[in-house]
file structure_10.txt (compact mmCIF, C-alpha atoms)
# COMPACT_ATOMS: atom_id res chain seq x y z
CA MET A 2 -30.18 -15.33 -33.58
CA SER A 3 -33.73 -15.98 -32.33
CA THR A 4 -35.33 -13.36 -30.10
CA THR A 5 -35.85 -15.73 -27.18
CA THR A 6 -37.93 -14.33 -24.34
CA PRO A 7 -35.51 -14.11 -21.39
CA THR A 8 -36.55 -15.94 -18.20
CA THR A 9 -36.22 -12.70 -16.28
CA THR A 10 -37.81 -13.76 -12.99
CA ALA A 11 -35.76 -16.95 -12.58
CA CYS A 12 -32.64 -14.99 -13.49
CA CYS A 13 -33.22 -12.23 -10.95
CA ILE A 14 -33.93 -14.53 -8.02
CA ALA A 15 -30.77 -16.53 -8.61
CA ALA A 16 -28.79 -13.36 -9.20
CA VAL A 17 -29.82 -11.68 -5.96
CA ARG A 18 -29.20 -14.87 -3.99
CA ASP A 19 -25.70 -15.20 -5.36
CA SER A 20 -24.74 -11.56 -5.15
CA LEU A 21 -21.94 -10.52 -2.81
CA ASP A 22 -22.66 -8.81 0.49
CA PRO A 23 -21.82 -5.07 0.01
CA ALA A 24 -19.39 -4.89 2.98
CA ALA A 25 -17.59 -8.04 1.88
CA ALA A 26 -17.43 -6.69 -1.66
CA ASP A 27 -15.68 -3.52 -0.42
CA GLU A 28 -12.99 -5.51 1.35
CA ILE A 29 -12.40 -7.79 -1.63
CA ALA A 30 -12.43 -4.89 -4.11
CA ARG A 31 -9.68 -3.16 -2.13
CA GLY A 32 -7.44 -6.18 -2.74
CA TYR A 33 -8.07 -6.27 -6.49
CA LYS A 34 -7.76 -2.49 -6.77
CA ALA A 35 -4.27 -2.69 -5.26
CA LEU A 36 -3.42 -5.34 -7.86
CA GLY A 37 -4.85 -3.18 -10.64
CA ASP A 38 -1.63 -1.36 -11.43
CA ALA A 39 1.25 -2.72 -13.51
CA THR A 40 3.94 -1.22 -11.28
CA ARG A 41 2.40 -2.80 -8.19
CA LEU A 42 2.17 -6.16 -9.94
CA ARG A 43 5.85 -5.93 -10.82
CA LEU A 44 6.72 -4.98 -7.24
CA LEU A 45 4.70 -7.92 -5.95
CA ALA A 46 6.49 -10.26 -8.37
CA LEU A 47 9.85 -8.81 -7.33
CA VAL A 48 9.09 -9.30 -3.64
CA ALA A 49 7.82 -12.84 -4.26
CA GLY A 50 10.99 -13.61 -6.20
CA GLY A 51 13.22 -12.05 -3.54
CA ASP A 52 15.54 -14.00 -1.28
CA GLY A 53 13.32 -15.79 1.25
CA GLY A 54 10.22 -14.37 -0.44
CA GLU A 55 10.93 -10.89 0.82
CA ALA A 56 12.60 -7.70 -0.38
CA CYS A 57 13.80 -4.36 0.86
CA VAL A 58 12.60 -1.15 -0.81
CA CYS A 59 16.30 -0.59 -1.57
CA ASP A 60 16.21 -3.69 -3.81
CA LEU A 61 13.08 -2.64 -5.69
CA THR A 62 13.75 0.88 -6.97
CA GLY A 63 16.39 -0.26 -9.50
CA PRO A 64 14.36 -3.00 -11.22
CA VAL A 65 11.23 -0.86 -11.66
CA GLY A 66 13.18 2.29 -12.56
CA LEU A 67 11.22 4.56 -10.24
CA SER A 68 12.13 6.80 -7.32
CA GLN A 69 12.15 5.41 -3.80
CA ALA A 70 9.27 7.74 -2.91
CA THR A 71 7.11 6.34 -5.73
CA VAL A 72 8.03 2.75 -4.91
CA SER A 73 7.28 3.35 -1.22
CA HIS A 74 3.88 4.81 -2.16
CA HIS A 75 2.98 1.68 -4.14
CA LEU A 76 4.29 -0.61 -1.39
CA LYS A 77 2.12 1.25 1.13
CA ILE A 78 -0.98 0.57 -0.99
CA LEU A 79 -0.05 -3.13 -1.18
CA VAL A 80 0.47 -3.27 2.60
CA GLU A 81 -2.84 -1.47 3.29
CA ALA A 82 -4.65 -3.93 1.03
CA GLY A 83 -3.13 -6.81 3.00
CA LEU A 84 -1.07 -8.11 0.09
CA LEU A 85 2.34 -7.40 1.64
CA SER A 86 3.58 -7.30 5.21
CA ARG A 87 6.20 -4.79 6.30
CA GLU A 88 8.90 -5.33 8.90
CA ARG A 89 11.47 -2.80 10.00
CA ARG A 90 15.01 -4.17 10.39
CA GLY A 91 17.76 -1.71 11.13
CA THR A 92 17.77 1.01 8.49
CA TRP A 93 15.41 -0.65 6.06
CA SER A 94 11.85 -1.96 5.84
CA TYR A 95 11.43 -5.45 4.45
CA TYR A 96 8.33 -6.54 2.59
CA ALA A 97 6.96 -10.07 2.29
CA VAL A 98 4.06 -11.40 0.21
CA GLN A 99 0.94 -12.27 2.22
CA GLN A 100 0.17 -15.59 0.64
CA ASP A 101 -3.15 -16.21 2.41
CA ARG A 102 -4.63 -12.96 1.14
CA LEU A 103 -3.50 -13.63 -2.44
CA ASP A 104 -4.84 -17.18 -2.19
CA ASP A 105 -8.23 -15.85 -1.07
CA LEU A 106 -8.39 -13.32 -3.90
CA GLY A 107 -7.26 -15.92 -6.42
CA ARG A 108 -9.65 -18.65 -5.34
CA MET A 109 -12.56 -16.25 -5.33
CA LEU A 110 -12.17 -15.73 -9.07
CA LEU A 111 -12.04 -19.46 -9.69
CA VAL A 112 -15.20 -20.00 -7.61
CA SER A 113 -17.01 -17.03 -9.15
CA SER A 114 -16.09 -18.25 -12.59
CA ASN A 115 -17.82 -21.57 -11.91
CA GLY A 116 -21.00 -19.66 -11.17
CA ALA A 117 -20.99 -20.97 -7.56
CA MET B 15 15.71 -8.47 16.33
CA SER B 16 19.28 -8.82 15.01
CA THR B 17 20.45 -6.35 12.40
CA THR B 18 21.24 -9.04 9.85
CA THR B 19 23.04 -7.82 6.77
CA PRO B 20 20.58 -8.41 3.93
CA THR B 21 21.81 -10.61 1.08
CA THR B 22 21.10 -7.81 -1.35
CA THR B 23 22.78 -9.19 -4.44
CA ALA B 24 21.16 -12.63 -4.30
CA CYS B 25 17.81 -10.99 -3.64
CA CYS B 26 18.03 -8.59 -6.57
CA ILE B 27 19.06 -11.17 -9.12
CA ALA B 28 16.19 -13.47 -8.19
CA ALA B 29 13.82 -10.53 -8.10
CA VAL B 30 14.67 -9.30 -11.58
CA ARG B 31 14.46 -12.80 -13.02
CA ASP B 32 10.99 -13.34 -11.56
CA SER B 33 9.58 -9.91 -12.34
CA LEU B 34 6.70 -9.61 -14.79
CA ASP B 35 7.21 -8.34 -18.31
CA PRO B 36 5.93 -4.72 -18.39
CA ALA B 37 3.53 -5.27 -21.32
CA ALA B 38 2.12 -8.44 -19.74
CA ALA B 39 1.77 -6.61 -16.45
CA ASP B 40 -0.35 -3.89 -18.13
CA GLU B 41 -2.76 -6.45 -19.55
CA ILE B 42 -3.09 -8.31 -16.25
CA ALA B 43 -3.43 -5.10 -14.25
CA ARG B 44 -6.37 -4.04 -16.44
CA GLY B 45 -8.22 -7.17 -15.35
CA TYR B 46 -7.61 -6.63 -11.64
CA LYS B 47 -8.39 -2.92 -11.94
CA ALA B 48 -11.82 -3.78 -13.37
CA LEU B 49 -12.35 -6.10 -10.39
CA GLY B 50 -11.24 -3.39 -7.96
CA ASP B 51 -14.66 -1.88 -7.43
CA ALA B 52 -17.37 -3.26 -5.14
CA THR B 53 -20.21 -2.48 -7.56
CA ARG B 54 -18.45 -4.28 -10.39
CA LEU B 55 -17.81 -7.29 -8.15
CA ARG B 56 -21.50 -7.38 -7.29
CA LEU B 57 -22.46 -7.10 -10.96
CA LEU B 58 -20.08 -9.93 -11.80
CA ALA B 59 -21.59 -12.09 -9.05
CA LEU B 60 -25.09 -11.25 -10.26
CA VAL B 61 -24.23 -12.18 -13.84
CA ALA B 62 -22.52 -15.42 -12.70
CA GLY B 63 -25.62 -16.27 -10.64
CA GLY B 64 -28.00 -15.43 -13.48
CA ASP B 65 -30.01 -17.98 -15.40
CA GLY B 66 -27.55 -19.82 -17.66
CA GLY B 67 -24.68 -17.77 -16.21
CA GLU B 68 -25.81 -14.63 -17.98
CA ALA B 69 -27.88 -11.54 -17.27
CA CYS B 70 -29.50 -8.60 -19.00
CA VAL B 71 -28.72 -5.06 -17.83
CA CYS B 72 -32.45 -4.86 -17.14
CA ASP B 73 -32.01 -7.55 -14.45
CA LEU B 74 -29.05 -5.84 -12.78
CA THR B 75 -30.16 -2.28 -12.03
CA GLY B 76 -32.67 -3.35 -9.34
CA PRO B 77 -30.33 -5.53 -7.24
CA VAL B 78 -27.49 -2.97 -7.17
CA GLY B 79 -29.83 0.01 -6.76
CA LEU B 80 -28.14 2.13 -9.39
CA SER B 81 -29.31 3.77 -12.60
CA GLN B 82 -29.13 1.88 -15.87
CA ALA B 83 -26.54 4.39 -17.13
CA THR B 84 -24.26 3.72 -14.15
CA VAL B 85 -24.71 -0.04 -14.42
CA SER B 86 -23.99 0.10 -18.17
CA HIS B 87 -20.82 2.09 -17.48
CA HIS B 88 -19.55 -0.57 -15.06
CA LEU B 89 -20.54 -3.38 -17.43
CA LYS B 90 -18.59 -1.66 -20.21
CA ILE B 91 -15.45 -1.63 -18.04
CA LEU B 92 -15.92 -5.34 -17.29
CA VAL B 93 -16.37 -6.10 -20.99
CA GLU B 94 -13.31 -4.02 -21.98
CA ALA B 95 -11.23 -5.89 -19.39
CA GLY B 96 -12.35 -9.19 -20.90
CA LEU B 97 -14.27 -10.30 -17.80
CA LEU B 98 -17.72 -10.25 -19.42
CA SER B 99 -18.94 -10.84 -22.94
CA ARG B 100 -21.84 -8.86 -24.38
CA GLU B 101 -24.41 -10.14 -26.84
CA ARG B 102 -27.29 -8.15 -28.28
CA ARG B 103 -30.63 -10.01 -28.44
CA GLY B 104 -33.68 -8.05 -29.49
CA THR B 105 -34.04 -4.96 -27.31
CA TRP B 106 -31.49 -5.94 -24.68
CA SER B 107 -27.81 -6.74 -24.29
CA TYR B 108 -26.97 -9.91 -22.41
CA TYR B 109 -23.77 -10.30 -20.43
CA ALA B 110 -21.96 -13.54 -19.60
CA VAL B 111 -18.95 -14.18 -17.39
CA GLN B 112 -15.71 -14.94 -19.27
CA GLN B 113 -14.54 -17.86 -17.20
CA ASP B 114 -11.17 -18.32 -18.90
CA ARG B 115 -10.11 -14.77 -18.16
CA LEU B 116 -11.19 -15.03 -14.51
CA ASP B 117 -9.41 -18.37 -14.22
CA ASP B 118 -6.21 -16.82 -15.58
CA LEU B 119 -6.38 -13.90 -13.15
CA GLY B 120 -7.20 -16.21 -10.26
CA ARG B 121 -4.49 -18.76 -10.94
CA MET B 122 -1.89 -16.03 -11.33
CA LEU B 123 -2.39 -15.00 -7.72
CA LEU B 124 -2.05 -18.57 -6.51
CA VAL B 125 1.16 -19.02 -8.52
CA SER B 126 2.58 -15.65 -7.47
CA SER B 127 1.80 -16.41 -3.86
CA ASN B 128 3.92 -19.55 -4.02
CA GLY B 129 6.83 -17.41 -5.11
CA ALA B 130 7.02 -19.25 -8.46
call {"tool": "encode", "arguments": {"input": "structure_10.txt", "output": "structure tokens"}}
result
Amino acid sequence: MSTTTPTTTACCIAAVRDSLDPAAADEIARGYKALGDATRLRLLALVAGGDGGEACVCDLTGPVGLSQATVSHHLKILVEAGLLSRERRGTWSYYAVQQDRLDDLGRMLLVSSNGA
Amino acid sequence: MSTTTPTTTACCIAAVRDSLDPAAADEIARGYKALGDATRLRLLALVAGGDGGEACVCDLTGPVGLSQATVSHHLKILVEAGLLSRERRGTWSYYAVQQDRLDDLGRMLLVSSNGA
């Protein structure tokens, strides 16, 4: 309600000190950007819920109701962002969730949110 | 190495059961999409590191080296995704990190990564 004079100087010094390094921010942003699509979130959940925490593209097209080409495109983005690994076995590629990367991206939000 | 026959049926049943609800996935994806940009991550870090965990747009343009219009555009996306709140005080708008929303998005990755 009151028009308090903001402590601009104190704010800015703390803000610059706590800001992310630009190169680090790019790498982190790539991870969140890959997560920023509902289909990719569903694919990630499907892979995580797959037998042994992995899934074949052949198991994913049905549940999401999209073509194999579209599913493969989304999986490629998730692999490039380090969220899934891909292993070729016989005819098919198998995808597994990269837990360490997800943990890093998850914890970062918890830390950021505490203002640390 | 071996061309193991994948246990397709078991995989698919588990996968469908654990998949995200499409509407919920949209809402979550919007949060990650807003985080999927290096400038927005830096703005979020600057706001979190601001005095009292908040910052004025006037304090953010300098550190990120962008125009006020560009910074305001990014802040708007963060507000619309529920990651920042916005409060008008006198001439300026003040932004504060929405910790609960960040916590939710962070914890979801930790849970997903455990295959739960």
call {"tool": "residues_around", "arguments": {"input": "structure_10.txt", "residues": "stretch 115-117 of chain B", "least_positions_apart": "2", "cutoff": "10 Å", "atoms": "all atoms listed in the file", "output": "PyMOL selection string"}}
result
(chain A and resi 107-115) or (chain B and resi 42+45-46+49+95-98+111-113+119-122)
call {"tool": "write_last_selection", "arguments": {"input": "structure_10.txt", "atoms": "C-alpha atoms", "output": "PDB file, in the frame of the given file"}}
result
ATOM      1  CA  GLY A 107      -7.260 -15.920  -6.420  1.00  0.00           C
ATOM      2  CA  ARG A 108      -9.650 -18.650  -5.340  1.00  0.00           C
ATOM      3  CA  MET A 109     -12.560 -16.250  -5.330  1.00  0.00           C
ATOM      4  CA  LEU A 110     -12.170 -15.730  -9.070  1.00  0.00           C
ATOM      5  CA  LEU A 111     -12.040 -19.460  -9.690  1.00  0.00           C
ATOM      6  CA  VAL A 112     -15.200 -20.000  -7.610  1.00  0.00           C
ATOM      7  CA  SER A 113     -17.010 -17.030  -9.150  1.00  0.00           C
ATOM      8  CA  SER A 114     -16.090 -18.250 -12.590  1.00  0.00           C
ATOM      9  CA  ASN A 115     -17.820 -21.570 -11.910  1.00  0.00           C
TER      10      ASN A 115
ATOM     11  CA  ILE B  42      -3.090  -8.310 -16.250  1.00  0.00           C
ATOM     12  CA  GLY B  45      -8.220  -7.170 -15.350  1.00  0.00           C
ATOM     13  CA  TYR B  46      -7.610  -6.630 -11.640  1.00  0.00           C
ATOM     14  CA  LEU B  49     -12.350  -6.100 -10.390  1.00  0.00           C
ATOM     15  CA  ALA B  95     -11.230  -5.890 -19.390  1.00  0.00           C
ATOM     16  CA  GLY B  96     -12.350  -9.190 -20.900  1.00  0.00           C
ATOM     17  CA  LEU B  97     -14.270 -10.300 -17.800  1.00  0.00           C
ATOM     18  CA  LEU B  98     -17.720 -10.250 -19.420  1.00  0.00           C
ATOM     19  CA  VAL B 111     -18.950 -14.180 -17.390  1.00  0.00           C
ATOM     20  CA  GLN B 112     -15.710 -14.940 -19.270  1.00  0.00           C
ATOM     21  CA  GLN B 113     -14.540 -17.860 -17.200  1.00  0.00           C
ATOM     22  CA  LEU B 119      -6.380 -13.900 -13.150  1.00  0.00           C
ATOM     23  CA  GLY B 120      -7.200 -16.210 -10.260  1.00  0.00           C
ATOM     24  CA  ARG B 121      -4.490 -18.760 -10.940  1.00  0.00           C
ATOM     25  CA  MET B 122      -1.890 -16.030 -11.330  1.00  0.00           C
TER      26      MET B 122
END
call {"tool": "closest_residue", "arguments": {"input": "structure_10.txt", "among": "A:Asp52, A:Lys77, A:Thr40, A:Ser68", "to": "chain B", "atoms": "all atoms listed in the file"}}
result
A:Asp52
call {"tool": "atom_distance", "arguments": {"input": "structure_10.txt", "atom1": "atom CA of B:Gly79", "atom2": "atom CA of B:Leu58"}}
result
14.8 Å
call {"tool": "atom_distance", "arguments": {"input": "structure_10.txt", "atom1": "atom CA of A:Asp22", "atom2": "atom CA of B:Arg56"}}
result
8.0 Å
call {"tool": "residues_around", "arguments": {"input": "structure_10.txt", "residues": "B:Ala69", "least_positions_apart": "3", "cutoff": "8 Å", "atoms": "all atoms listed in the file", "output": "mmCIF file with C-alpha atoms, in the frame of the given file"}}
result
data_model
loop_
_atom_site.group_PDB
_atom_site.id
_atom_site.type_symbol
_atom_site.label_atom_id
_atom_site.label_comp_id
_atom_site.auth_asym_id
_atom_site.auth_seq_id
_atom_site.Cartn_x
_atom_site.Cartn_y
_atom_site.Cartn_z
ATOM 1 C CA CYS A 12 -32.640 -14.990 -13.490
ATOM 2 C CA LEU B 60 -25.090 -11.250 -10.260
ATOM 3 C CA VAL B 61 -24.230 -12.180 -13.840
ATOM 4 C CA GLY B 64 -28.000 -15.430 -13.480
ATOM 5 C CA ASP B 65 -30.010 -17.980 -15.400
ATOM 6 C CA ASP B 73 -32.010 -7.550 -14.450
ATOM 7 C CA LEU B 74 -29.050 -5.840 -12.780
ATOM 8 C CA TYR B 108 -26.970 -9.910 -22.410
ATOM 9 C CA TYR B 109 -23.770 -10.300 -20.430
ATOM 10 C CA ALA B 110 -21.960 -13.540 -19.600
#
call {"tool": "closest_residue", "arguments": {"input": "structure_10.txt", "among": "A:Val80, A:Gln69, A:Gly91, A:Val58", "to": "chain B", "atoms": "all atoms listed in the file"}}
result
A:Gly91
call {"tool": "atom_distance", "arguments": {"input": "structure_10.txt", "atom1": "atom CA of B:Ala52", "atom2": "atom CA of A:Ala25"}}
result
8.5 Å
call {"tool": "closest_residue", "arguments": {"input": "structure_10.txt", "among": "B:Glu94, B:Asp51, B:Glu68, B:Asp118", "to": "chain A", "atoms": "all atoms listed in the file"}}
result
B:Asp51
call {"tool": "axis_aligned_box", "arguments": {"input": "structure_10.txt", "around": "stretch 91-99 of chain A", "padding_each_side": "4 Å", "output": "lines of an AutoDock Vina configuration file"}}
result
center_x = 9.4
center_y = -5.6
center_z = 5.7
size_x = 24.8
size_y = 21.3
size_z = 18.9
call {"tool": "closest_residue", "arguments": {"input": "structure_10.txt", "among": "A:Leu67, A:Ala24, A:Val72, A:Ala49", "to": "chain B", "atoms": "all atoms listed in the file"}}
result
A:Ala49
call {"tool": "closest_residue", "arguments": {"input": "structure_10.txt", "among": "B:Ala48, B:Ala39, B:Cys70, B:Ala59", "to": "B:His88", "atoms": "all atoms listed in the file"}}
result
B:Ala48
call {"tool": "decode", "arguments": {"input": "structure_10.txt", "residues": "stretch 109-124 of chain B", "atoms": "C-alpha atoms", "output": "PDB file, in the first residue's frame"}}
result
ATOM      1  CA  TYR B 109       8.579  -9.134  -9.077  1.00  0.00           C
ATOM      2  CA  ALA B 110       8.987 -11.934  -6.546  1.00  0.00           C
ATOM      3  CA  VAL B 111       9.821 -15.603  -7.049  1.00  0.00           C
ATOM      4  CA  GLN B 112       6.880 -17.993  -6.558  1.00  0.00           C
ATOM      5  CA  GLN B 113       8.639 -20.604  -4.486  1.00  0.00           C
ATOM      6  CA  ASP B 114       5.770 -23.099  -4.346  1.00  0.00           C
ATOM      7  CA  ARG B 115       5.549 -23.326  -8.112  1.00  0.00           C
ATOM      8  CA  LEU B 116       9.325 -23.784  -8.469  1.00  0.00           C
ATOM      9  CA  ASP B 117       9.265 -26.399  -5.711  1.00  0.00           C
ATOM     10  CA  ASP B 118       6.526 -28.314  -7.536  1.00  0.00           C
ATOM     11  CA  LEU B 119       8.417 -28.240 -10.833  1.00  0.00           C
ATOM     12  CA  GLY B 120      11.657 -29.217  -9.121  1.00  0.00           C
ATOM     13  CA  ARG B 121      10.241 -32.080  -7.088  1.00  0.00           C
ATOM     14  CA  MET B 122       8.478 -33.488 -10.126  1.00  0.00           C
ATOM     15  CA  LEU B 123      11.807 -34.091 -11.824  1.00  0.00           C
ATOM     16  CA  LEU B 124      13.209 -35.824  -8.765  1.00  0.00           C
TER      17      LEU B 124
END
